[in-house]
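Data block below; observations after.
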Amino acid sequence: MAKSYDGSGILRGMGVTLKRFIDTYFDDIKWWGKRYYTKEGISHRSSAETRGIFTVQYPEEKLPVPEEFRFTPFLVYDIDENGEQHDRCTSCGICSKVCPPQCIWIVRTNDPKTGRPVPEPAEFYIDVDICMNCGLCAEFCPFDAIKMDHDYELAVYNRQEKNIYNKERLSKPVTYYANIRPANYARETTARAEAAAAKAAKKSAG
Amino acid sequence: MTEQVAVIEDELVQQFSDAVVPDSRKGYSGYMVTAEHLIEVATYIRDVMGYDYLSSVTAVDYLPEDKMEVVYHAFKSTGGPALVFKVPVPRENSTVPSLISIYPGVDLQERETWDLLGVRFEGHPDLRRVLLWEGFDGHPLRKDWREPYYEDEGKPFRTRWPEGNAHRIETKNPFGQNVNYPAGFDPDTWIPDGDAALYASLHRFSQNTETEIKTESLVVNMGPQHPSTHGVFRYVVEVEGETIRSLKPVMGYLHRNHEKIGERNTFLQNIPFTDRLDYLSSMSNNFGYVLGVEKLMGVKPPERADYLRVIMAELTRISNHIFAIGMFLNDLGAYFTPALYAIEERELILDIFEAVSGSRMMCNYYRFGGVSRDLPEGTYEKIRKLVFERLPRRIDELDLYLTHNEVIRSRTEGVGVLTPQQAIAYSTCGPVLRASGVPYDIRRADPYSIYDRFDFDVAVFYHGDSYDRYLIRIEEIRQSLRILQQAVRDLPGGPVQEGKPQYQVRVPAGEAYGRVEGPKGELGYYIVANGKPNPWRYHVRAPSYINLTAFETMCVGNKIADTVAILGSIDIVLGELDR
C-alpha cells in the first residue's frame with residue numbers, strides 16, 4: 001500500500017470536529033432558552049434529530065424513562081370502595097421460583113384453625129442488593145401482583161440494615177402502577193375483565 | 001445433507017475402526033474417540049477431512065456414570081456444520097493428549113478445561129491455571145465441587161417459599177469458614193510462586209532466539225490496573241529494548257464461574273445471566289443461548305419474533321462496533337473525542353433497547369420460542385429513522401473523520417499482523433478472523449435464525465493488521481445496516497412468542513451447541529441437558545477469550561506501545577473473557 005502522509009486525512013477529520021462544534025451552537029440558537037432544563041429540550045437532546053450537545057445534566061435534569069423500563073420489583077395492592085387495602089399477591093411462589101438470583105422470600109399465610117394455606121403473603125421480602133433487575137418475576141406473575149418499578153434512586157448509607165425490603169416497603173397502590181405503566185395497566189385490566197366475563201358466561205351457561 | 005453426513009461417518013469410522021465409534025446416545029451426535037488415538041484422529045480430521053477450525057474445547061463431568069468427556073467442536077473454515085468428537089476419560093487422573101500441535105488455538109481453552117474441570121492435557125507446554133489462582137482447592141466445574149456460598153444443587157431453593165424468612169447467606173455461612181485450601185496450603189504464609197511459573201513460560205520463548213549482541217531482556221507487567229486493558233486484564237511482556245519478544249495474557253480477575261452458576265440455574269434463569277457476559281452486546285448473548293436451548297427443545301419462534309431477534313442482534317452489532325472503534329481511538333491516544341462521537345449513536349440504540357426490553361444494557365429480551373414482548377408504540381418509527389436516516393449518515397461521518405487520519409494509519413498499518421493461516425489455526429473469530437482475509441461469518445457459513453433471507457456481504461480485509469481490524473468494523477456496520485433495512489422493511493405482524501410463556505420449560509435430555517456470529521466473534525453455548533429443570537453442563541465459548549490466543553503472535557516483534565493498539569483492535573470485554 002502506498003502511504004501518502006500529506007496530512008489531508010487529519011484536516012478532513014478536523015473539519016468534522018469543526019462542523020460538530022458549530023452544530024452545537026446552531027441547535028442552541030434555534031432552541032434559544034428552551035434546550036436546557038425543559039422537558040421538550042431534554043427529549044429533543046436525546047432524539048435522533050439532535051445535532052449539538054447530547055448530555056443531560058443529572059441530577060438537575062433527568063431523562064424520561066420509557067414505560068417498559070424496569071428497576072427493582074414492587075407489590076401492587078388494590079383499594080376497595082371502603083378504602084381498605086387488598087394485596088393482589090396470593091403467595092403462590094412463582095416469582096420466588098423464577099427469580100434467577102433467588103432474592104425473593106415469601107412466607108405463606110396459614111389459617112390458624114385449619115392450618116391450610118390462605119392466598120395472601122404473611123411476609124414478603126426482596127433483597128435488593130441481590131436483585132438483578134431482570135423482570136422475570138413481573139413477567140410470570142399470573143395475578144399482576146408484582147411489577148417492576150421506575151424508581152432508580154435507591155442509594156442508602158447502610159445496605160446491611162436497609163436493603164432487604166419487607167412487604168410494607170414493597171407495597172404500592174394500583175394507582176401508582178397505572179401511572180407509571182399506563183399501556184400495560186390498560187391491557188391487563190381489559191384482559192382481566194374479559195376473563196371474568198367469560199367465566200360468568202360459562203357459569204350462567206353451565 | 002443426511003447422505004453426506006452418513007458418508008463422512010463411514011469415512012471416519014472405517015478409517016479408525018478400532019478407535020472411533022459414533023456417539024449413539026439419544027440426543028447426542030458425533031463420535032467417541034479413544035484417548036490413545038486422539039492425535040491420529042484429529043490429524044486426519046484436519047488434514048484429510050478439512051475441518052481446519054477447532055472452535056471449542058470443553059469437558060463434561062458425568063458424575064453418575066463416573067466418567068468425564070472432553071468435547072471438541074471442529075468446523076471447516078469454508079463453512080458448514082460441526083464435527084463433534086469426544087474423548088471419554090476416567091474421573092480420577094483424567095488425562096488426554098493435548099491437541100496444541102494440531103490446533104494451536106486450543107492453548108487457552110485446554111488451560112481453562114484443566115483449571116475448571118481438572119482434565120490434564122499431556123504435552124501442553126504451559127498447563128497452568130488460567131482463571132483461578134494457585135490457592136484454589138479443586139476444580140469447580142466438577143459436579144461434586146461445592147461453592148463457598150453453597151445452598152442447594154439446583155434452583156429454585158426450597159428456603160425461599162413457603163417459609164421464606166429472609167436472611168443473607170453470608171450470615172449463615174460466613175466467609176472465611178467456608179473456603180477450603182489445597183492440602184498443605186496456608187494462605188498466610190504463602191508466597192506467590194505462580195508468577196515465577198508465568199515468567200518462566202516467557203523465558204522459554206526468549207531462549208530460543210539467538211542474538212549476536214548479548215542484551216538483557218526486561219519483563220514488564222501491563223495491568224491489571226491499566227487504563228488500556230479495558231478492565232482488569234493483565235499481560236506480561238518480555239521486551240528487549242522496546243521490542244516484544246514474548247507475551248503472556250493473565251486473566252481471571254473478574255472470574256465468577258458463570259458456568260457453575262449456569263448449572264445451578266434453571267434454563268430460563270440463565271437468560272439474564274448471559275446478559276452479563278459481554279455486557280456491551282447482551283442481545284447477541286441471549287440469542288446464542290436461546291438458539292442452543294431451542295435446538296434441544298425443538299421449538300421454533302414465530303416469524304415476527306425471528307425478525308425482531310435479527311433487528312436487535314444487528315443493532316447490538318452496530319452499537320458494539322461503534323463503541324469498539326471509539327475505545328480503539330482512546331487506546332491510540334485520541335482521548336475521548338472520537339469515543340464520545342461514537343457513544344452518541346450507541347446511546348440512541350440503547351434508548352431503543354430500553355424502550356423494548358426495559359433495560360439499556362442488561363436486556364434479557366429473548367425467550368425460548370420467541371422474545372419477551374412486542375415493540376411498544378412508537379419504537380418501530382424510531383428504529384426506522386435510525387437505520388434509514390441517522391446511522392448511515394453518521395457512519396459516513398465517522399469514516400471521514402477517522403479512516404484517512406495519518407496518525408491512526410501510521411500507528412496501525414502493518415502493526416499486529418495475523419496471517420490467514422495463523423488466524424484459522426489460533427481459532428480466532430469474528431472481525432479478527434475476517435480482517436486476516438478469511439471470509440468466515442457464521443451468518444453465511446452456517447446460517448441460523450433467518451439470516452439466509454437477507455442480502456448482505458461478508459466483510460473481509462486482507463492485511464490482518466490493526467488498521468484492517470478497524471476498517472472491518474466500519475464495513476460490518478454498513479452491512480448490518482443493510483440487513484436492518486431489509487428486516488425493518490419486511491417486519492411481519494403476528495405473535496412474538498410460540499405458545500404460552502412458561503417459567504419451567506421442559507428440555508429433553510441431549511446436547512446442543514448453539515452459536516451465533518456475535519459482534520466479537522463466534523459466541524457458542526454448549527448445553528447438556530439430562531431432562532431435569534437445570535442444565536447438566538453449560539459452557540460458553542467466549543470469543544474475547546479465544547481471540548486472545550493469537551495476541552502473542554500479533555505482538556511479537558512490535559514495540560511495547562503497540563500492544564495497547566493491538567489489544568484495542570481485538571476488542572475484548574472482560575465480563576466475557578473472565579466469565
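Naming scheme: A, B, ... for chains in displayed order of the C-alpha cells; residues 1 onward per chain; ligands 1 onward as shown.
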
Please tabulate, as JSON lines, the residues of chain A that come within 6 Å of chain B, each with its closest pair of atoms and the distance in Å to one decimal, counting only C-alpha atoms and ordering rows by chain, then residue number upward.
```
{"residue": "A:Tyr5", "atom": "CA", "partner": "B:Glu406", "partner_atom": "CA", "distance": 5.8}
{"residue": "A:Gly9", "atom": "CA", "partner": "B:Asn405", "partner_atom": "CA", "distance": 4.2}
{"residue": "A:Ile10", "atom": "CA", "partner": "B:Asn405", "partner_atom": "CA", "distance": 4.7}
{"residue": "A:Gly13", "atom": "CA", "partner": "B:Tyr401", "partner_atom": "CA", "distance": 4.0}
{"residue": "A:Val16", "atom": "CA", "partner": "B:Tyr401", "partner_atom": "CA", "distance": 6.0}
{"residue": "A:Pro66", "atom": "CA", "partner": "B:Ala355", "partner_atom": "CA", "distance": 5.3}
{"residue": "A:Glu68", "atom": "CA", "partner": "B:Gly358", "partner_atom": "CA", "distance": 4.6}
{"residue": "A:Phe69", "atom": "CA", "partner": "B:Gly358", "partner_atom": "CA", "distance": 3.8}
{"residue": "A:Arg70", "atom": "CA", "partner": "B:Gly358", "partner_atom": "CA", "distance": 5.2}
{"residue": "A:Lys97", "atom": "CA", "partner": "B:Pro156", "partner_atom": "CA", "distance": 5.0}
{"residue": "A:Pro100", "atom": "CA", "partner": "B:Gln269", "partner_atom": "CA", "distance": 4.7}
{"residue": "A:Trp105", "atom": "CA", "partner": "B:Gly164", "partner_atom": "CA", "distance": 4.6}
{"residue": "A:Ile106", "atom": "CA", "partner": "B:Gly164", "partner_atom": "CA", "distance": 4.6}
{"residue": "A:Val107", "atom": "CA", "partner": "B:Glu163", "partner_atom": "CA", "distance": 4.7}
{"residue": "A:Arg108", "atom": "CA", "partner": "B:Pro162", "partner_atom": "CA", "distance": 5.2}
```

Test item, helix (DSSP H, G or I) assignment across stretch 6-175 of chain A, answer as a PyMOL selection string:
chain A and resi 8-30+39-45+94-98+136-140+159-162+167-170+174-175

Could those selected residues go to a file with N, CA and C atoms, as a compact mmCIF listing (two decimals), in the first residue's frame?
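Output (out-v3.txt):
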```txt
# COMPACT_ATOMS: atom_id res chain seq x y z
N SER A 8 -3.82 15.37 4.75
CA SER A 8 -5.19 15.70 4.33
C SER A 8 -6.21 14.93 5.17
N GLY A 9 -5.86 13.72 5.59
CA GLY A 9 -6.77 12.93 6.43
C GLY A 9 -7.05 13.63 7.74
N ILE A 10 -5.99 14.14 8.35
CA ILE A 10 -6.16 14.85 9.62
C ILE A 10 -7.02 16.09 9.42
N LEU A 11 -6.74 16.82 8.32
CA LEU A 11 -7.50 18.06 8.07
C LEU A 11 -8.98 17.75 7.87
N ARG A 12 -9.28 16.70 7.11
CA ARG A 12 -10.68 16.35 6.90
C ARG A 12 -11.34 15.99 8.23
N GLY A 13 -10.59 15.24 9.04
CA GLY A 13 -11.12 14.87 10.35
C GLY A 13 -11.39 16.08 11.21
N MET A 14 -10.48 17.04 11.15
CA MET A 14 -10.69 18.24 11.95
C MET A 14 -11.87 19.05 11.43
N GLY A 15 -12.11 18.91 10.12
CA GLY A 15 -13.30 19.55 9.55
C GLY A 15 -14.56 19.00 10.21
N VAL A 16 -14.56 17.69 10.46
CA VAL A 16 -15.73 17.07 11.11
C VAL A 16 -15.90 17.63 12.51
N THR A 17 -14.78 17.74 13.23
CA THR A 17 -14.85 18.30 14.59
C THR A 17 -15.40 19.72 14.55
N LEU A 18 -14.91 20.50 13.60
CA LEU A 18 -15.35 21.89 13.48
C LEU A 18 -16.85 21.95 13.20
N LYS A 19 -17.30 21.07 12.30
CA LYS A 19 -18.71 21.06 11.95
C LYS A 19 -19.55 20.77 13.18
N ARG A 20 -19.10 19.80 13.96
CA ARG A 20 -19.87 19.44 15.15
C ARG A 20 -19.84 20.56 16.18
N PHE A 21 -18.74 21.24 16.24
CA PHE A 21 -18.62 22.38 17.16
C PHE A 21 -19.63 23.46 16.79
N ILE A 22 -19.70 23.74 15.50
CA ILE A 22 -20.64 24.78 15.05
C ILE A 22 -22.08 24.32 15.25
N ASP A 23 -22.33 23.04 14.96
CA ASP A 23 -23.67 22.48 15.14
C ASP A 23 -24.19 22.71 16.55
N THR A 24 -23.30 22.60 17.52
CA THR A 24 -23.69 22.78 18.91
C THR A 24 -24.38 24.12 19.10
N TYR A 25 -23.75 25.16 18.52
CA TYR A 25 -24.32 26.50 18.68
C TYR A 25 -25.58 26.65 17.84
N PHE A 26 -25.59 26.00 16.70
CA PHE A 26 -26.73 26.07 15.80
C PHE A 26 -28.00 25.62 16.51
N ASP A 27 -27.92 24.47 17.17
CA ASP A 27 -29.08 23.94 17.89
C ASP A 27 -29.42 24.81 19.10
N ASP A 28 -28.40 25.32 19.76
CA ASP A 28 -28.64 26.16 20.93
C ASP A 28 -29.39 27.43 20.55
N ILE A 29 -29.01 27.99 19.41
CA ILE A 29 -29.65 29.24 18.99
C ILE A 29 -31.08 28.97 18.51
N LYS A 30 -31.21 27.86 17.78
CA LYS A 30 -32.53 27.51 17.27
C LYS A 30 -33.52 27.27 18.42
N LYS A 39 -38.63 19.97 29.59
CA LYS A 39 -38.95 18.60 29.20
C LYS A 39 -38.71 18.38 27.69
N GLU A 40 -39.19 19.34 26.88
CA GLU A 40 -39.04 19.17 25.43
C GLU A 40 -37.57 19.21 25.06
N GLY A 41 -36.85 20.09 25.73
CA GLY A 41 -35.42 20.23 25.45
C GLY A 41 -34.69 18.93 25.70
N ILE A 42 -35.01 18.30 26.82
CA ILE A 42 -34.33 17.05 27.16
C ILE A 42 -34.65 15.97 26.15
N SER A 43 -35.95 15.88 25.78
CA SER A 43 -36.28 14.80 24.85
C SER A 43 -35.76 15.12 23.45
N HIS A 44 -35.65 16.38 23.11
CA HIS A 44 -35.03 16.72 21.82
C HIS A 44 -33.55 16.37 21.82
N ARG A 45 -32.90 16.67 22.95
CA ARG A 45 -31.46 16.43 23.02
C ARG A 45 -31.11 14.95 22.90
N ILE A 94 -44.55 -18.27 42.54
CA ILE A 94 -43.96 -18.38 41.21
C ILE A 94 -42.79 -17.40 41.06
N CYS A 95 -42.98 -16.18 41.57
CA CYS A 95 -41.90 -15.19 41.41
C CYS A 95 -40.64 -15.65 42.13
N SER A 96 -40.79 -16.24 43.31
CA SER A 96 -39.59 -16.65 44.04
C SER A 96 -38.95 -17.87 43.38
N LYS A 97 -39.74 -18.65 42.65
CA LYS A 97 -39.14 -19.80 41.95
C LYS A 97 -38.45 -19.38 40.67
N VAL A 98 -39.00 -18.36 40.00
CA VAL A 98 -38.43 -17.98 38.71
C VAL A 98 -37.25 -17.03 38.89
N LEU A 136 -38.17 -11.00 35.42
CA LEU A 136 -38.86 -12.27 35.19
C LEU A 136 -40.02 -12.45 36.17
N CYS A 137 -39.89 -11.95 37.40
CA CYS A 137 -40.97 -12.11 38.39
C CYS A 137 -42.23 -11.43 37.87
N ALA A 138 -42.07 -10.21 37.37
CA ALA A 138 -43.24 -9.48 36.87
C ALA A 138 -43.81 -10.14 35.63
N GLU A 139 -42.91 -10.71 34.82
CA GLU A 139 -43.35 -11.30 33.57
C GLU A 139 -44.20 -12.55 33.80
N PHE A 140 -43.87 -13.31 34.86
CA PHE A 140 -44.55 -14.59 35.03
C PHE A 140 -45.58 -14.59 36.15
N ARG A 159 -26.37 -0.55 53.74
CA ARG A 159 -27.10 -1.55 52.99
C ARG A 159 -27.46 -2.76 53.86
N GLN A 160 -26.62 -3.05 54.87
CA GLN A 160 -26.91 -4.21 55.71
C GLN A 160 -28.25 -4.07 56.40
N GLU A 161 -28.59 -2.84 56.80
CA GLU A 161 -29.83 -2.66 57.52
C GLU A 161 -31.01 -2.38 56.61
N LYS A 162 -30.74 -1.72 55.50
CA LYS A 162 -31.87 -1.16 54.75
C LYS A 162 -32.25 -1.92 53.49
N LYS A 167 -42.55 -6.33 53.17
CA LYS A 167 -43.79 -6.16 52.43
C LYS A 167 -44.27 -4.71 52.44
N GLU A 168 -44.13 -4.07 53.58
CA GLU A 168 -44.60 -2.69 53.70
C GLU A 168 -43.83 -1.77 52.76
N ARG A 169 -42.53 -1.96 52.73
CA ARG A 169 -41.68 -1.12 51.88
C ARG A 169 -41.94 -1.41 50.41
N LEU A 170 -42.35 -2.65 50.10
CA LEU A 170 -42.53 -3.04 48.70
C LEU A 170 -43.89 -2.65 48.14
N VAL A 174 -52.32 0.49 43.34
CA VAL A 174 -52.52 0.21 41.92
C VAL A 174 -52.53 1.51 41.11
N THR A 175 -52.89 2.61 41.75
CA THR A 175 -52.90 3.89 41.03
C THR A 175 -51.47 4.29 40.62
```

Separation of atom CA of B:Gly464 from atom CA of B:Leu218, in Å and rounded to one decimal
28.1 Å

Write out as a CSV table (one decimal) with N, CA and C atoms, in the first residue's frame each polymer residue whose atoms come within 12 Å of A:Glu153, counting only C-alpha atoms; drop sequence neighbours fewer than 3 positions from it.
```csv
chain,number,residue,atom,x,y,z
A,58,TYR,N,-27.6,15.4,34.8
A,58,TYR,CA,-28.2,14.7,36.0
A,58,TYR,C,-27.4,15.1,37.2
A,59,PRO,N,-28.1,15.3,38.4
A,59,PRO,CA,-29.5,15.1,38.7
A,59,PRO,C,-30.4,16.3,38.5
A,62,LYS,N,-33.3,15.0,34.3
A,62,LYS,CA,-33.4,13.6,34.2
A,62,LYS,C,-34.0,13.2,32.9
A,71,PHE,N,-36.7,-1.4,37.1
A,71,PHE,CA,-35.7,-1.4,38.1
A,71,PHE,C,-36.0,-2.5,39.1
A,72,THR,N,-36.2,-2.2,40.4
A,72,THR,CA,-36.5,-3.3,41.3
A,72,THR,C,-38.0,-3.6,41.3
A,149,ASP,N,-40.5,-1.4,39.1
A,149,ASP,CA,-40.6,0.0,39.4
A,149,ASP,C,-39.8,0.8,38.5
A,150,HIS,N,-40.1,2.1,38.4
A,150,HIS,CA,-39.3,3.1,37.6
A,150,HIS,C,-38.3,3.8,38.5
A,156,VAL,N,-28.4,4.1,49.7
A,156,VAL,CA,-28.6,4.3,51.1
A,156,VAL,C,-27.2,4.3,51.8
```

If you count only C-alpha atoms, which residues fall within 12 Å of B:Val89, apart from same-chain ones fewer than 5 positions away, as an MDAnalysis selection string?
chainID B and resid 32:36 38 59:63 65:71 94:97 118:121

Output file for the selection above: N, CA and C atoms, as a short mmCIF file (atom, residue, chain, number, x, y, z; two decimals), in the first residue's frame:
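File selection_0.cif, as written:
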```
data_model
loop_
_atom_site.label_atom_id
_atom_site.label_comp_id
_atom_site.auth_asym_id
_atom_site.auth_seq_id
_atom_site.Cartn_x
_atom_site.Cartn_y
_atom_site.Cartn_z
N MET B 32 -17.16 -40.91 19.40
CA MET B 32 -16.34 -41.14 20.57
C MET B 32 -14.98 -41.61 20.08
N VAL B 33 -13.95 -40.95 20.57
CA VAL B 33 -12.59 -41.29 20.15
C VAL B 33 -11.82 -41.71 21.40
N THR B 34 -11.02 -42.76 21.28
CA THR B 34 -10.23 -43.16 22.45
C THR B 34 -9.05 -42.20 22.62
N ALA B 35 -8.65 -42.01 23.88
CA ALA B 35 -7.59 -41.04 24.16
C ALA B 35 -6.28 -41.41 23.46
N GLU B 36 -5.99 -42.69 23.35
CA GLU B 36 -4.70 -43.10 22.75
C GLU B 36 -4.62 -42.68 21.29
N LEU B 38 -6.30 -40.15 19.85
CA LEU B 38 -6.85 -38.80 19.59
C LEU B 38 -5.99 -38.01 18.59
N ALA B 59 -15.14 -29.86 28.58
CA ALA B 59 -15.36 -31.20 29.09
C ALA B 59 -16.65 -31.23 29.87
N VAL B 60 -17.19 -32.42 30.03
CA VAL B 60 -18.41 -32.61 30.79
C VAL B 60 -18.13 -33.66 31.85
N ASP B 61 -18.57 -33.38 33.07
CA ASP B 61 -18.39 -34.33 34.16
C ASP B 61 -19.67 -35.15 34.29
N TYR B 62 -19.61 -36.42 33.83
CA TYR B 62 -20.78 -37.29 34.00
C TYR B 62 -20.59 -38.05 35.31
N LEU B 63 -20.90 -37.37 36.41
CA LEU B 63 -20.66 -37.94 37.74
C LEU B 63 -21.38 -39.28 37.97
N GLU B 65 -22.16 -41.58 35.98
CA GLU B 65 -21.52 -42.68 35.24
C GLU B 65 -20.03 -42.77 35.56
N ASP B 66 -19.58 -41.90 36.46
CA ASP B 66 -18.19 -41.91 36.90
C ASP B 66 -17.20 -41.76 35.74
N LYS B 67 -17.47 -40.79 34.86
CA LYS B 67 -16.51 -40.53 33.79
C LYS B 67 -16.58 -39.07 33.36
N MET B 68 -15.53 -38.65 32.67
CA MET B 68 -15.50 -37.32 32.09
C MET B 68 -15.48 -37.48 30.59
N GLU B 69 -15.93 -36.45 29.90
CA GLU B 69 -15.82 -36.46 28.45
C GLU B 69 -15.26 -35.12 28.00
N VAL B 70 -14.19 -35.17 27.22
CA VAL B 70 -13.66 -33.94 26.63
C VAL B 70 -14.34 -33.80 25.27
N VAL B 71 -14.92 -32.62 25.03
CA VAL B 71 -15.74 -32.42 23.84
C VAL B 71 -15.08 -31.41 22.92
N SER B 94 -7.78 -37.70 35.17
CA SER B 94 -8.21 -37.60 33.77
C SER B 94 -7.08 -37.01 32.94
N THR B 95 -6.69 -37.70 31.91
CA THR B 95 -5.62 -37.21 31.04
C THR B 95 -5.96 -37.49 29.59
N VAL B 96 -5.80 -36.48 28.75
CA VAL B 96 -5.89 -36.70 27.30
C VAL B 96 -4.69 -36.01 26.67
N PRO B 97 -4.29 -36.46 25.48
CA PRO B 97 -3.19 -35.75 24.82
C PRO B 97 -3.63 -34.37 24.37
N GLY B 118 -10.33 -30.05 35.71
CA GLY B 118 -9.32 -30.99 36.15
C GLY B 118 -8.98 -32.06 35.15
N VAL B 119 -9.03 -31.74 33.86
CA VAL B 119 -8.58 -32.69 32.86
C VAL B 119 -7.18 -32.27 32.43
N ARG B 120 -6.22 -33.18 32.59
CA ARG B 120 -4.85 -32.86 32.28
C ARG B 120 -4.60 -33.08 30.78
N PHE B 121 -3.96 -32.12 30.13
CA PHE B 121 -3.66 -32.27 28.70
C PHE B 121 -2.17 -32.54 28.54
#
```

Determine the nearest neighbour of A:Asp144 from the options A:Leu63, A:Val56, A:Ala201, A:Ala178, counting only C-alpha atoms.
A:Ala178

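With only C-alpha atoms as the atoms that count, the minimum distance from B:Met361 to the choices A:Asn133, A:Gly52, A:Ala205, A:Trp31 is reached by A:Asn133.
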
Where does DSSP see strand (DSSP E) in stretch 35-176 of chain B, if you list the residues as a PyMOL selection string?
chain B and resi 53-62+67-75+83-90+95-97+120-122

I want to know what sits within 8 Å of stretch 526-533 of chain B, based on only C-alpha atoms, with residues of the same chain fewer than 6 positions away left out; could you give that as JSON, numbers by chain?
{"B": [266, 267, 292, 293, 504, 505, 506, 507, 508, 509, 510, 511, 512, 513, 514, 539, 540, 541]}

Which residues come within 9 Å of B:Val556, counting only C-alpha atoms, excluding same-chain residues fewer than 6 positions away, as an MDAnalysis selection string?
chainID B and resid 243:247 416

Hey, can you check how far atom CA of B:Tyr103 sits from atom CA of B:Ala19?
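Taking atom CA of B:Tyr103 and atom CA of B:Ala19, their separation equals 20.1 Å.
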